[in-house]
Amino acid sequence: MITRSIISTLRLALEEAPAVCLLGPRQVGKTTLALELAKERPAVYLDLESELDLARVRDAATFLERHTRELVILDEVHRLPGLFPTLRGLIDAGRRSGRRHGMYLLLGSASPDLLRQSAESLAGRIRYLELAPFTPVELADEAMDTLWLRGGFPDSVLASGDGMSLRWRLDFIRTYLERDIPQFGPRIAAETLRRFWTMLAHRQGSTLNTAELARGLGVDNKTAARYLHVLVDLFLVRRLPPWHANVGKRLVKSPKVYLRDSGVLHALLHIDSFDALLGHPVLGASWEGFVVENILRCLPEGGTGWFYRSSGGAEIDLLLDLPGGERWAIEIKHSRSPRVDRGFHEACADTLPARKFIVYPVEQRYPLRDGIEVIGVGGLLGEMSSCMV
């Protein structure tokens with residue numbers, strides 16, 4: 001098993017909170033990780049998509065009271081939203097009897113109903129964590145190009161060949177469209193949502209223009225916004241917010257939109273090999289999204305990511321505010337000889353970053369003038385890791 005970076009955080013959460021909710025998209029490895037943790041302590045695992053396990057908790061209070069001394073793992077817990085009030089009562093009873101942590105591990109695929117129910121019923125009793133697809137830090141032995149092409153879902157990146165990986169991703173997309181999204185969100189025609197998802201892929205890394213998306217689908221703005229909200233809730237799309245401050249300039253206020261997994265992006269655009277990616281118009285935007293997503297996945301707790309753009313052309317692809325108060329400006333270029341233009345320098349003058357980087361697709365590192373460092377993805381993630389020590 002490949003060690004996931006989140007595992008120490010998850011262990012700590014179980015030592016401090018009575019309930020932990022591990023969220024993330026389907027097939028990202030939540031169940032595998034939970035079952036590994038179950039080997040370390042007395043535990044019982046229930047898959048609530050299994051009719052047999054669902055029947056076992058039909059009288060949830062009775063079943064769970066028999067397992068108060070074990071870690072109870074409830075997979076796909078959104079299938080049983082009425083369970084949360086019962087969990088609250090059992091957690092409170094456990095606290096009174098001296099058990100204050102490590103009672104329940106809930107796994108979910110980011111259903112909005114799950115978040116709403118648990119927020120109302122388990123406030124102050126639950127900690128949320130997100131499990132994302134693999135990052136370069138976790139897959140140190142995999143080529144960066146392979147991870148970029150195939151994305152970070154385990155069955156995709158570890159497939160025996162590009163063809164098998166692409167077929168897995170196409171099945172993944174089909175399953176979400178035909179089964180998961182109708183289960184999680186409002187009823188949306190699968191073909192309509194596929195068109196919407198593909199439109200977002202073609203606009204990877206662009207600022208959000210809901211009206212344009214709505215016109216392309218032939219729906220109203222509210223409907224297009226609802227479609228986007230569903231994909232964001234399911235950890236399939238990221239909205240990167242703009243940075244705002246009183247700098248005396250008109251700043252862009254719309255978020256940038258990225259498909260979070262580069263492999264899913266490439267599958268939607270029918271990019272089946274690395275050579276095909278290198279010749280595709282989405283190349284630069286795909287690289288930008290891949291770098292942005294992996295940096296934000298590895299961002300230390302309390303850190304925040306933004307982008308900066310003014311109406312005059314000053315722009316920074318990714319602006320990081322790190323927990324210690326330091327600010328980094330990151331420009332992302334798919335070039336072996338990257339350079340920045342005047343807009344980056346103007347944006348740095350507005351935002352005053354402590355460090356400035358250009359991230360490019362090579363791991364060799366070297367300095368440029370004005371304090372700019374050219375660095376690969378792995379090198380930058382290493383720099384971030386050193387800030388956490």
# chains A, B, ... in the order shown; residues from 1 in each chain; ligands from 1
>>> residues_around(residues="A:Arg79", least_positions_apart="3", cutoff="8 Å", atoms="only C-alpha atoms", output="PyMOL selection string")
chain A and resi 48-49+76
>>> select_by_dssp(residues="stretch 129-319 of chain A", states="helix (DSSP H, G or I)", output="count of residues only")
95
>>> residues_around(residues="stretch 137-143 of chain A", least_positions_apart="4", cutoff="8 Å", atoms="only C-alpha atoms", output="PDB file with C-alpha atoms, in the first residue's frame")
ATOM      1  CA  ILE A   2       1.251   3.494  -0.873  1.00  0.00           C
ATOM      2  CA  THR A   3       1.364   5.625   2.264  1.00  0.00           C
ATOM      3  CA  ARG A   4      -1.021   8.577   2.101  1.00  0.00           C
ATOM      4  CA  SER A   5       0.172  11.903   3.446  1.00  0.00           C
ATOM      5  CA  LEU A 147       0.837  11.595 -12.946  1.00  0.00           C
ATOM      6  CA  GLY A 378       8.583  18.545  -6.544  1.00  0.00           C
ATOM      7  CA  LEU A 381       6.336  21.042  -2.614  1.00  0.00           C
TER       8      LEU A 381
END
>>> closest_residue(among="A:His266, A:Lys222, A:Arg88, A:His244", to="A:Ile173", atoms="only C-alpha atoms")
A:His266
>>> closest_residue(among="A:Met1, A:Ala43, A:Ala211, A:Ala347", to="A:Ala314", atoms="only C-alpha atoms")
A:Ala347
>>> atom_distance(atom1="atom CA of A:Asp261", atom2="atom CA of A:His334")
17.6 Å
>>> closest_atom_pairs(of="stretch 128-205 of chain A", to="stretch 287-307 of chain A", cutoff="12 Å", atoms="only C-alpha atoms", output="Markdown table")
| residue | atom | partner | partner_atom | distance |
| --- | --- | --- | --- | --- |
| A:Leu129 | CA | A:Glu301 | CA | 11.0 |
| A:Glu130 | CA | A:Arg297 | CA | 9.3 |
| A:Leu131 | CA | A:Arg297 | CA | 9.1 |
| A:Ala132 | CA | A:Arg297 | CA | 7.1 |
| A:Pro133 | CA | A:Arg297 | CA | 9.0 |
| A:Phe134 | CA | A:Asn294 | CA | 8.8 |
| A:Thr135 | CA | A:Asn294 | CA | 6.1 |
| A:Pro136 | CA | A:Asn294 | CA | 7.7 |
| A:Val137 | CA | A:Cys298 | CA | 8.7 |
| A:Glu138 | CA | A:Cys298 | CA | 10.5 |
| A:Met144 | CA | A:Phe290 | CA | 10.4 |
| A:Asp145 | CA | A:Trp287 | CA | 10.1 |
| A:Thr146 | CA | A:Phe290 | CA | 11.9 |
| A:Leu147 | CA | A:Phe290 | CA | 9.3 |
| A:Trp148 | CA | A:Phe290 | CA | 6.6 |
| A:Leu149 | CA | A:Phe290 | CA | 9.5 |
| A:Arg150 | CA | A:Phe290 | CA | 10.9 |
| A:Gly151 | CA | A:Phe290 | CA | 8.4 |
| A:Gly152 | CA | A:Asn294 | CA | 9.7 |
| A:Ala201 | CA | A:Gly289 | CA | 10.6 |
| A:Arg203 | CA | A:Gly289 | CA | 11.0 |
| A:Gln204 | CA | A:Gly289 | CA | 7.3 |
| A:Gly205 | CA | A:Gly289 | CA | 6.4 |
